[in-house]
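What follows is the content of protein32.cif, which has mmCIF, C-alpha atoms:
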```
data_start
loop_
_atom_site.label_atom_id
_atom_site.label_comp_id
_atom_site.auth_asym_id
_atom_site.auth_seq_id
_atom_site.Cartn_x
_atom_site.Cartn_y
_atom_site.Cartn_z
CA MET A 1498 -27.37 4.48 -9.73
CA THR A 1499 -23.80 3.97 -8.49
CA TRP A 1500 -23.56 3.25 -4.78
CA ARG A 1501 -20.62 4.68 -2.93
CA TRP A 1502 -19.09 4.64 0.51
CA LEU A 1503 -18.55 8.35 0.93
CA ILE A 1504 -15.94 10.30 2.85
CA PHE A 1505 -17.03 13.95 2.75
CA SER A 1506 -14.54 16.67 1.93
CA SER A 1507 -14.32 17.76 5.55
CA LEU A 1508 -14.54 15.63 8.66
CA VAL A 1509 -16.22 18.61 10.34
CA PHE A 1510 -19.40 17.75 8.47
CA GLY A 1511 -19.17 14.07 9.31
CA GLY A 1512 -20.14 11.47 6.78
CA ALA A 1513 -22.05 8.29 6.22
CA TYR A 1514 -21.67 5.17 4.17
CA LEU A 1515 -24.48 3.37 2.47
CA THR A 1516 -24.89 -0.39 2.36
CA PRO A 1517 -27.31 -1.07 -0.48
CA PRO A 1518 -28.46 -4.48 -1.63
CA GLN A 1519 -25.40 -6.06 -3.19
CA PRO A 1520 -25.30 -7.13 -6.84
CA PRO A 1521 -24.27 -10.76 -7.32
CA ALA A 1522 -20.56 -11.43 -7.81
CA THR A 1523 -19.57 -13.54 -10.77
CA SER A 1524 -16.85 -15.72 -9.20
CA PRO A 1525 -17.23 -17.94 -6.12
CA GLY A 1526 -15.01 -16.93 -3.23
CA VAL A 1527 -13.95 -13.64 -4.84
CA VAL A 1528 -14.49 -10.20 -3.28
CA THR A 1529 -14.25 -7.45 -5.87
CA GLY A 1530 -14.59 -3.69 -5.72
CA GLU A 1531 -13.43 -0.34 -7.01
CA ILE A 1532 -11.67 2.61 -5.34
CA GLU A 1533 -11.78 6.29 -6.20
CA ILE A 1534 -9.51 8.96 -4.66
CA THR A 1535 -10.97 12.41 -4.03
CA ASN A 1536 -9.62 15.83 -3.00
CA SER A 1537 -6.10 14.98 -4.12
CA LYS A 1538 -3.35 17.42 -4.99
CA GLU A 1539 -1.36 14.80 -6.88
CA PRO A 1540 -1.41 15.41 -10.67
CA ALA A 1541 -1.54 11.65 -11.39
CA VAL A 1542 -4.71 11.38 -9.33
CA ARG A 1543 -6.38 14.66 -10.30
CA HIS A 1544 -5.69 14.58 -14.02
CA ASN A 1545 -4.95 10.95 -14.87
CA LYS A 1546 -7.37 9.38 -12.36
CA ASP A 1547 -4.69 7.00 -11.13
CA TYR A 1548 -6.32 5.26 -8.15
CA SER A 1549 -3.59 2.69 -7.58
CA GLY A 1550 -1.81 1.97 -4.31
CA VAL A 1551 -4.72 1.39 -1.93
CA VAL A 1552 -4.23 -1.76 0.16
CA ILE A 1553 -7.41 -3.67 1.00
CA TRP A 1554 -7.60 -6.66 3.35
CA LEU A 1555 -10.20 -8.74 5.17
CA GLU A 1556 -10.21 -9.62 8.87
CA ALA A 1557 -12.25 -12.75 9.68
CA LEU A 1558 -14.83 -12.18 12.44
CA ASP A 1559 -16.51 -15.59 12.77
CA HIS A 1560 -13.68 -18.02 12.03
CA ASP A 1561 -9.91 -18.31 12.31
CA ALA A 1562 -7.80 -17.11 9.41
CA PRO A 1563 -5.33 -19.63 8.00
CA LYS A 1564 -1.69 -18.67 8.17
CA PRO A 1565 -0.84 -16.93 4.89
CA ALA A 1566 1.78 -18.55 2.71
CA PRO A 1567 5.00 -16.50 2.42
CA ARG A 1568 6.18 -15.59 -1.06
CA ARG A 1569 9.07 -13.98 -2.90
CA ALA A 1570 8.47 -10.52 -4.33
CA GLN A 1571 10.47 -7.70 -5.92
CA MET A 1572 10.68 -3.95 -5.37
CA VAL A 1573 12.92 -2.66 -8.16
CA GLN A 1574 14.95 0.55 -7.92
CA LYS A 1575 14.83 2.21 -11.33
CA ASP A 1576 15.05 5.87 -12.40
CA ARG A 1577 15.31 6.79 -8.71
CA HIS A 1578 11.96 5.21 -7.94
CA PHE A 1579 10.83 2.10 -6.12
CA LEU A 1580 8.70 -0.07 -8.40
CA PRO A 1581 6.02 -0.92 -7.50
CA HIS A 1582 5.45 2.04 -5.22
CA VAL A 1583 3.06 -0.04 -3.07
CA LEU A 1584 3.61 -3.75 -2.54
CA ALA A 1585 1.53 -6.11 -0.38
CA VAL A 1586 3.01 -9.41 0.84
CA SER A 1587 2.17 -12.05 3.45
CA VAL A 1588 4.02 -12.23 6.76
CA GLY A 1589 7.23 -14.20 6.32
CA SER A 1590 7.71 -13.16 2.70
CA THR A 1591 11.06 -12.06 1.29
CA VAL A 1592 11.39 -8.97 -0.89
CA ASP A 1593 14.31 -8.49 -3.30
CA PHE A 1594 15.53 -4.94 -4.00
CA PRO A 1595 17.40 -5.12 -7.33
CA ASN A 1596 19.29 -1.94 -8.24
CA ARG A 1597 18.69 -1.23 -11.94
CA ASP A 1598 20.00 2.33 -11.81
CA PRO A 1599 23.57 3.33 -12.79
CA ILE A 1600 24.07 4.69 -9.26
CA TYR A 1601 24.24 3.30 -5.73
CA HIS A 1602 21.17 2.87 -3.50
CA ASN A 1603 20.54 2.11 0.17
CA ALA A 1604 16.97 1.02 0.94
CA PHE A 1605 15.94 1.13 4.60
CA SER A 1606 13.01 1.52 6.98
CA ASN A 1607 12.98 2.76 10.56
CA PHE A 1608 9.20 2.60 10.94
CA SER A 1609 6.63 0.14 12.27
CA GLY A 1610 6.63 -3.43 11.07
CA THR A 1611 9.95 -4.91 9.99
CA LYS A 1612 12.81 -2.43 10.39
CA PHE A 1613 15.70 -3.02 8.02
CA ASP A 1614 18.76 -1.50 6.39
CA ILE A 1615 20.21 -3.37 3.42
CA GLY A 1616 23.21 -1.05 3.15
CA LEU A 1617 24.83 0.71 0.23
CA TYR A 1618 25.10 -1.45 -2.87
CA PRO A 1619 26.14 -0.89 -6.48
CA PRO A 1620 24.28 -0.92 -9.80
CA GLY A 1621 23.40 -4.32 -11.22
CA THR A 1622 23.22 -6.04 -7.82
CA SER A 1623 20.39 -6.91 -5.45
CA ARG A 1624 19.74 -7.28 -1.73
CA ALA A 1625 16.84 -9.01 0.02
CA THR A 1626 14.95 -8.67 3.31
CA ALA A 1627 12.50 -11.01 5.03
CA PHE A 1628 9.41 -9.35 6.49
CA THR A 1629 8.49 -11.26 9.64
CA GLU A 1630 6.19 -8.77 11.38
CA PRO A 1631 2.80 -7.55 10.13
CA GLY A 1632 2.40 -3.84 9.53
CA ILE A 1633 2.89 -0.98 7.11
CA VAL A 1634 6.58 -0.59 6.25
CA ARG A 1635 7.61 2.78 4.84
CA VAL A 1636 10.67 2.33 2.65
CA TYR A 1637 13.20 5.04 1.78
CA CYS A 1638 16.63 5.40 0.20
CA ASN A 1639 19.36 6.81 2.40
CA ILE A 1640 20.94 8.58 -0.59
CA HIS A 1641 17.88 9.92 -2.42
CA PRO A 1642 15.34 11.72 -0.18
CA THR A 1643 12.63 11.77 -2.88
CA MET A 1644 12.52 7.96 -3.10
CA SER A 1645 9.81 6.29 -1.03
CA ALA A 1646 7.59 3.22 -1.11
CA ILE A 1647 5.17 1.17 0.97
CA ILE A 1648 5.35 -2.53 1.81
CA ALA A 1649 2.14 -3.76 3.49
CA VAL A 1650 2.92 -6.96 5.39
CA MET A 1651 -0.35 -8.86 5.82
CA PRO A 1652 -1.18 -11.32 8.65
CA VAL A 1653 -4.10 -12.74 6.62
CA PRO A 1654 -4.29 -14.37 3.16
CA TRP A 1655 -7.09 -12.10 1.88
CA TYR A 1656 -5.62 -8.86 0.53
CA ALA A 1657 -5.12 -6.86 -2.64
CA VAL A 1658 -3.73 -3.56 -3.96
CA SER A 1659 -5.87 -1.38 -6.20
CA THR A 1660 -4.89 -1.00 -9.86
CA PRO A 1661 -4.60 2.39 -11.64
CA THR A 1662 -8.30 2.10 -12.54
CA GLY A 1663 -9.10 1.58 -8.84
CA LYS A 1664 -10.27 -1.99 -9.23
CA PHE A 1665 -9.28 -4.76 -6.83
CA SER A 1666 -10.00 -8.46 -6.42
CA ILE A 1667 -9.44 -10.72 -3.39
CA SER A 1668 -9.57 -14.44 -4.20
CA ASN A 1669 -10.23 -17.61 -2.20
CA VAL A 1670 -12.36 -15.94 0.48
CA PRO A 1671 -14.43 -18.52 2.42
CA PRO A 1672 -18.06 -17.62 3.18
CA GLY A 1673 -18.42 -15.77 6.47
CA GLU A 1674 -18.29 -12.49 8.34
CA TYR A 1675 -15.39 -10.10 7.81
CA ARG A 1676 -14.27 -6.56 8.53
CA ILE A 1677 -12.77 -4.80 5.55
CA HIS A 1678 -9.71 -2.60 6.14
CA PHE A 1679 -7.89 -0.06 3.99
CA PHE A 1680 -4.50 1.63 3.86
CA TYR A 1681 -3.69 4.58 1.62
CA GLU A 1682 -0.57 6.61 2.29
CA ARG A 1683 -2.18 10.02 1.60
CA ALA A 1684 -5.31 9.48 3.69
CA LEU A 1685 -5.57 10.40 7.36
CA PRO A 1686 -5.95 7.50 9.82
CA ASP A 1687 -9.42 8.73 10.86
CA VAL A 1688 -10.56 8.60 7.24
CA LEU A 1689 -9.39 5.02 6.88
CA ARG A 1690 -10.94 3.93 10.20
CA PHE A 1691 -14.23 5.46 9.09
CA LEU A 1692 -14.22 3.23 6.02
CA GLU A 1693 -13.78 0.00 8.02
CA HIS A 1694 -17.02 -1.92 7.81
CA PRO A 1695 -18.34 -5.43 8.50
CA ILE A 1696 -19.29 -7.39 5.40
CA THR A 1697 -20.85 -10.79 4.81
CA VAL A 1698 -19.26 -12.85 2.06
CA PRO A 1699 -21.59 -15.53 0.62
CA ALA A 1700 -20.37 -18.67 -1.12
CA ALA A 1701 -20.98 -16.98 -4.49
CA GLY A 1702 -18.55 -14.17 -3.63
CA LEU A 1703 -19.28 -10.47 -3.22
CA SER A 1704 -19.14 -7.33 -5.36
CA LEU A 1705 -18.74 -4.20 -3.23
CA PRO A 1706 -20.08 -0.72 -4.00
CA LEU A 1707 -17.70 2.05 -5.08
CA ILE A 1708 -15.42 3.14 -2.23
CA SER A 1709 -14.34 6.80 -2.03
CA ILE A 1710 -11.21 7.78 -0.10
CA SER A 1711 -10.45 11.45 0.49
CA GLU A 1712 -6.99 13.00 0.80
CA THR A 1713 -8.45 15.97 2.70
CA GLY A 1714 -6.17 17.10 5.50
CA PHE A 1715 -3.10 15.17 4.35
CA ILE A 1716 0.19 17.09 4.53
CA GLN A 1717 3.38 15.51 3.22
CA ALA A 1718 6.12 15.76 5.83
CA PRO A 1719 9.81 15.29 5.00
CA HIS A 1720 11.36 12.10 6.35
CA LEU A 1721 14.76 11.63 7.97
CA ASN A 1722 17.63 9.48 6.80
CA LYS A 1723 18.49 6.14 8.41
CA PHE A 1724 20.49 7.90 11.12
CA GLY A 1725 17.46 9.96 12.16
CA LYS A 1726 18.91 13.17 10.70
CA PRO A 1727 17.78 15.47 7.88
CA TYR A 1728 19.18 14.77 4.42
CA PRO A 1729 21.95 17.15 3.29
CA PRO A 1730 20.53 20.09 1.29
CA THR A 1731 22.70 19.09 -1.67
CA LEU A 1732 23.87 15.51 -2.03
CA ASN A 1733 26.99 14.91 -4.11
CA GLU A 1734 26.45 11.44 -5.56
CA SER A 1735 29.92 11.45 -7.10
CA THR A 1736 31.32 10.69 -3.64
CA TYR A 1737 29.88 7.16 -3.90
CA PRO A 1738 32.05 4.55 -5.65
CA GLY A 1739 30.76 3.66 -9.09
CA ALA A 1740 28.47 6.71 -9.25
CA GLN A 1741 27.42 7.91 -12.68
CA LYS A 1742 29.63 10.75 -13.86
#
```

Do you think you could lay out the structure here as structure tokens?
Amino acid sequence: MTWRWLIFSSLVFGGAYLTPPQPPATSPGVVTGEIEITNSKEPAVRHNKDYSGVVIWLEALDHDAPKPAPRRAQMVQKDRHFLPHVLAVSVGSTVDFPNRDPIYHNAFSNFSGTKFDIGLYPPGTSRATAFTEPGIVRVYCNIHPTMSAIIAVMPVPWYAVSTPTGKFSISNVPPGEYRIHFFYERALPDVLRFLEHPITVPAAGLSLPLISISETGFIQAPHLNKFGKPYPPTLNESTYPGAQK
């Protein structure tokens, strides 16, 4: 039998998660698990079973968490997409935004966490931003309204992002009591809070049961540009210097 933490298709009916006896993990200090996404309208999820982009992190309950080491990461702009679409970094990390398109870009965020605006810059160049505050940073391009991404800035060293198969692995977790947290951009906050759960990590590590996250109730709302205004209905990219003809 496959054990699951279940989010039912409607919050009206409530829900319950099950905590069965855990199978032994194979690597000391490693917390592993698998995510599935349900009730999605996204073709990549419904048809391709792409369960990537879920951020998972552990909050220590019985001991202090060490300060996570900052790192250098990349979020590439290519084919009018941010790649990766979801990136998790430690507080204090720096993220480079190389522009590998033949057109200008202007990455920015006006949301919680680190707010930034790296300005308009040409193809073949890069800009960088340091992320000094923990939180979920929603990244957009001021020129292309369909471009979006997530940078999860973590205050703890124990975090991971699910792969397309839904699997995740968090390394170097000391034995102890933790609360597991999740972020998924197309899940309602109540759904994610429902999934939060205390876990005990033994010295041998822990393998978690299958975790189901529902997109029920999510409605995609259009975002504003960096000036807090709607994007123009038709954007003429040729007005930007160096734009592709």

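Here atom CA of Arg1676 of chain A and atom CA of Ile1708 of chain A stand 14.5 Å from one another.
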
request  = Just give me the gap between atom CA of Lys1546 of chain A and atom CA of Glu1533 of chain A in Å, one decimal is fine.
outcome  =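 Between these atoms lies a distance of 8.2 Å.
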
Restricting to only C-alpha atoms, whichever of A:His1582, A:Arg1597, A:His1720, A:Arg1577 is closest to Ile1647 of chain A is A:His1582

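Proximity ranking of A:Pro1729, A:Val1552, A:Leu1580, A:Ala1627 relative to Arg1568 of chain A places A:Ala1627 first, based on all atoms listed in the file.
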
Tell me which protein, DNA and RNA residues are within 10 Å of His1560 of chain A, counting all atoms listed in the file, leaving out same-chain ones fewer than 6 positions away, and put them as a ChimeraX atom specification.
/A:1671-1675

Correct to one decimal, the distance atom CA of Ser1659 of chain A-atom CA of Ile1532 of chain A is 7.1 Å

Original post:
Between A:Pro1619, A:Asp1593, A:Asp1614, A:Val1583, which has the minimum distance to Gly1550 of chain A (counting all atoms listed in the file)?
Top reply: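 So, comparing all the options, the nearest one is A:Val1583.
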
Spell out the residues picked by the PyMOL selection byres ((chain A and resi 1578) around 12) here, as a PyMOL selection string.
chain A and resi 1572-1577+1579-1583+1594-1598+1602+1604+1636-1638+1641-1647

Subject >> Residue nearest Asp1687 of chain A - candidates A:Leu1703, A:Phe1715, A:Ser1537, A:Thr1660, atoms counted: only C-alpha atoms >> reply: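 Going through A:Leu1703, A:Phe1715, A:Ser1537, A:Thr1660 one by one, the smallest distance to Asp1687 of chain A is for A:Phe1715.
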
Between A:Ser1704, A:Ser1606, A:Ile1600, A:Thr1535, smallest distance to Asp1547 of chain A by all atoms listed in the file belongs to A:Thr1535

As JSON, what would the box around segment 1599-1616 of chain A look like: edges along x, y and z, 5 Å added on every side, centre and edge lengths in Å to one decimal?
```
{"center_x": 15.4, "center_y": -0.1, "center_z": -0.3, "size_x": 27.6, "size_y": 19.6, "size_z": 35.1}
```

Go through the shown structure with the PyMOL selection byres ((chain A and resi 1683) around 12) and write out the matching residues as a count of residues only. 31

Counting only C-alpha atoms, the residue among A:Asn1722, A:Thr1662, A:Thr1629, A:Ser1709 that lies closest to Ser1590 of chain A is A:Thr1629

Using all atoms listed in the file, tabulate the residues of segment 1528-1625 of chain A lying at most 10 Å from any atom of segment 1692-1699 of chain A, each with its closest atom pair and that distance in Å to one decimal, by chain and increasing residue number, as a Markdown table.
```
| residue | atom | partner | partner_atom | distance |
| --- | --- | --- | --- | --- |
| A:Val1528 | CA | A:Val1698 | CA | 7.6 |
| A:Leu1555 | CA | A:Ile1696 | CA | 9.2 |
| A:Glu1556 | CA | A:Pro1695 | CA | 9.2 |
| A:Ala1557 | CA | A:Pro1695 | CA | 9.6 |
| A:Leu1558 | CA | A:Pro1695 | CA | 8.6 |
```

Mind telling me what the PyMOL selection byres ((chain A and resi 1610) around 12) catches here, as a ChimeraX atom specification? /A:1588-1589,1606-1609,1611-1613,1627-1636,1647-1652

Please supply segment 1594-1622 of chain A, rebuilt with N, CA and C atoms, as a short mmCIF file (atom, residue, chain, number, x, y, z; two decimals), in the coordinates of the input.
```
data_model
loop_
_atom_site.label_atom_id
_atom_site.label_comp_id
_atom_site.auth_asym_id
_atom_site.auth_seq_id
_atom_site.Cartn_x
_atom_site.Cartn_y
_atom_site.Cartn_z
N PHE A 1594 15.40 -6.34 -3.60
CA PHE A 1594 15.53 -4.94 -4.00
C PHE A 1594 16.63 -4.81 -5.06
N PRO A 1595 16.38 -5.25 -6.29
CA PRO A 1595 17.40 -5.12 -7.33
C PRO A 1595 17.64 -3.65 -7.70
N ASN A 1596 18.92 -3.30 -7.87
CA ASN A 1596 19.29 -1.94 -8.24
C ASN A 1596 19.53 -1.90 -9.75
N ARG A 1597 18.59 -1.33 -10.49
CA ARG A 1597 18.69 -1.23 -11.94
C ARG A 1597 19.02 0.19 -12.40
N ASP A 1598 19.51 1.00 -11.47
CA ASP A 1598 20.00 2.33 -11.81
C ASP A 1598 21.52 2.27 -11.99
N PRO A 1599 22.11 3.28 -12.65
CA PRO A 1599 23.57 3.33 -12.79
C PRO A 1599 24.25 3.96 -11.58
N ILE A 1600 23.56 4.06 -10.48
CA ILE A 1600 24.07 4.69 -9.26
C ILE A 1600 23.78 3.78 -8.06
N TYR A 1601 24.43 4.07 -6.95
CA TYR A 1601 24.24 3.30 -5.73
C TYR A 1601 22.90 3.64 -5.08
N HIS A 1602 22.37 2.66 -4.32
CA HIS A 1602 21.17 2.87 -3.50
C HIS A 1602 21.37 2.25 -2.12
N ASN A 1603 20.52 2.65 -1.19
CA ASN A 1603 20.54 2.11 0.17
C ASN A 1603 19.11 2.14 0.73
N ALA A 1604 18.35 1.09 0.44
CA ALA A 1604 16.97 1.02 0.94
C ALA A 1604 16.98 0.71 2.43
N PHE A 1605 16.03 1.35 3.15
CA PHE A 1605 15.94 1.13 4.60
C PHE A 1605 14.54 1.49 5.07
N SER A 1606 14.23 1.08 6.30
CA SER A 1606 13.01 1.52 6.98
C SER A 1606 13.26 1.53 8.48
N ASN A 1607 12.88 2.63 9.11
CA ASN A 1607 12.98 2.76 10.56
C ASN A 1607 11.60 2.81 11.21
N PHE A 1608 10.56 2.41 10.46
CA PHE A 1608 9.20 2.60 10.94
C PHE A 1608 8.62 1.29 11.44
N SER A 1609 7.31 1.30 11.71
CA SER A 1609 6.63 0.14 12.27
C SER A 1609 6.71 -1.04 11.32
N GLY A 1610 6.45 -2.22 11.86
CA GLY A 1610 6.63 -3.43 11.07
C GLY A 1610 8.09 -3.85 11.11
N THR A 1611 8.56 -4.45 10.05
CA THR A 1611 9.95 -4.91 9.99
C THR A 1611 10.88 -3.74 9.69
N LYS A 1612 11.80 -3.46 10.62
CA LYS A 1612 12.81 -2.43 10.39
C LYS A 1612 14.01 -3.09 9.72
N PHE A 1613 14.58 -2.41 8.73
CA PHE A 1613 15.70 -3.02 8.02
C PHE A 1613 16.59 -1.95 7.41
N ASP A 1614 17.80 -2.35 7.09
CA ASP A 1614 18.76 -1.50 6.39
C ASP A 1614 19.64 -2.43 5.56
N ILE A 1615 19.46 -2.42 4.24
CA ILE A 1615 20.21 -3.37 3.42
C ILE A 1615 21.54 -2.80 2.95
N GLY A 1616 21.89 -1.60 3.42
CA GLY A 1616 23.21 -1.05 3.15
C GLY A 1616 23.36 -0.49 1.75
N LEU A 1617 24.51 0.09 1.52
CA LEU A 1617 24.83 0.71 0.23
C LEU A 1617 25.30 -0.36 -0.74
N TYR A 1618 24.67 -0.43 -1.92
CA TYR A 1618 25.10 -1.45 -2.87
C TYR A 1618 25.04 -0.93 -4.30
N PRO A 1619 25.89 -1.49 -5.17
CA PRO A 1619 26.14 -0.89 -6.48
C PRO A 1619 25.11 -1.27 -7.53
N PRO A 1620 25.17 -0.59 -8.68
CA PRO A 1620 24.28 -0.92 -9.80
C PRO A 1620 24.46 -2.37 -10.22
N GLY A 1621 23.35 -2.97 -10.69
CA GLY A 1621 23.40 -4.32 -11.22
C GLY A 1621 23.41 -5.41 -10.17
N THR A 1622 23.25 -5.06 -8.89
CA THR A 1622 23.22 -6.04 -7.82
C THR A 1622 21.88 -5.96 -7.10
#
```
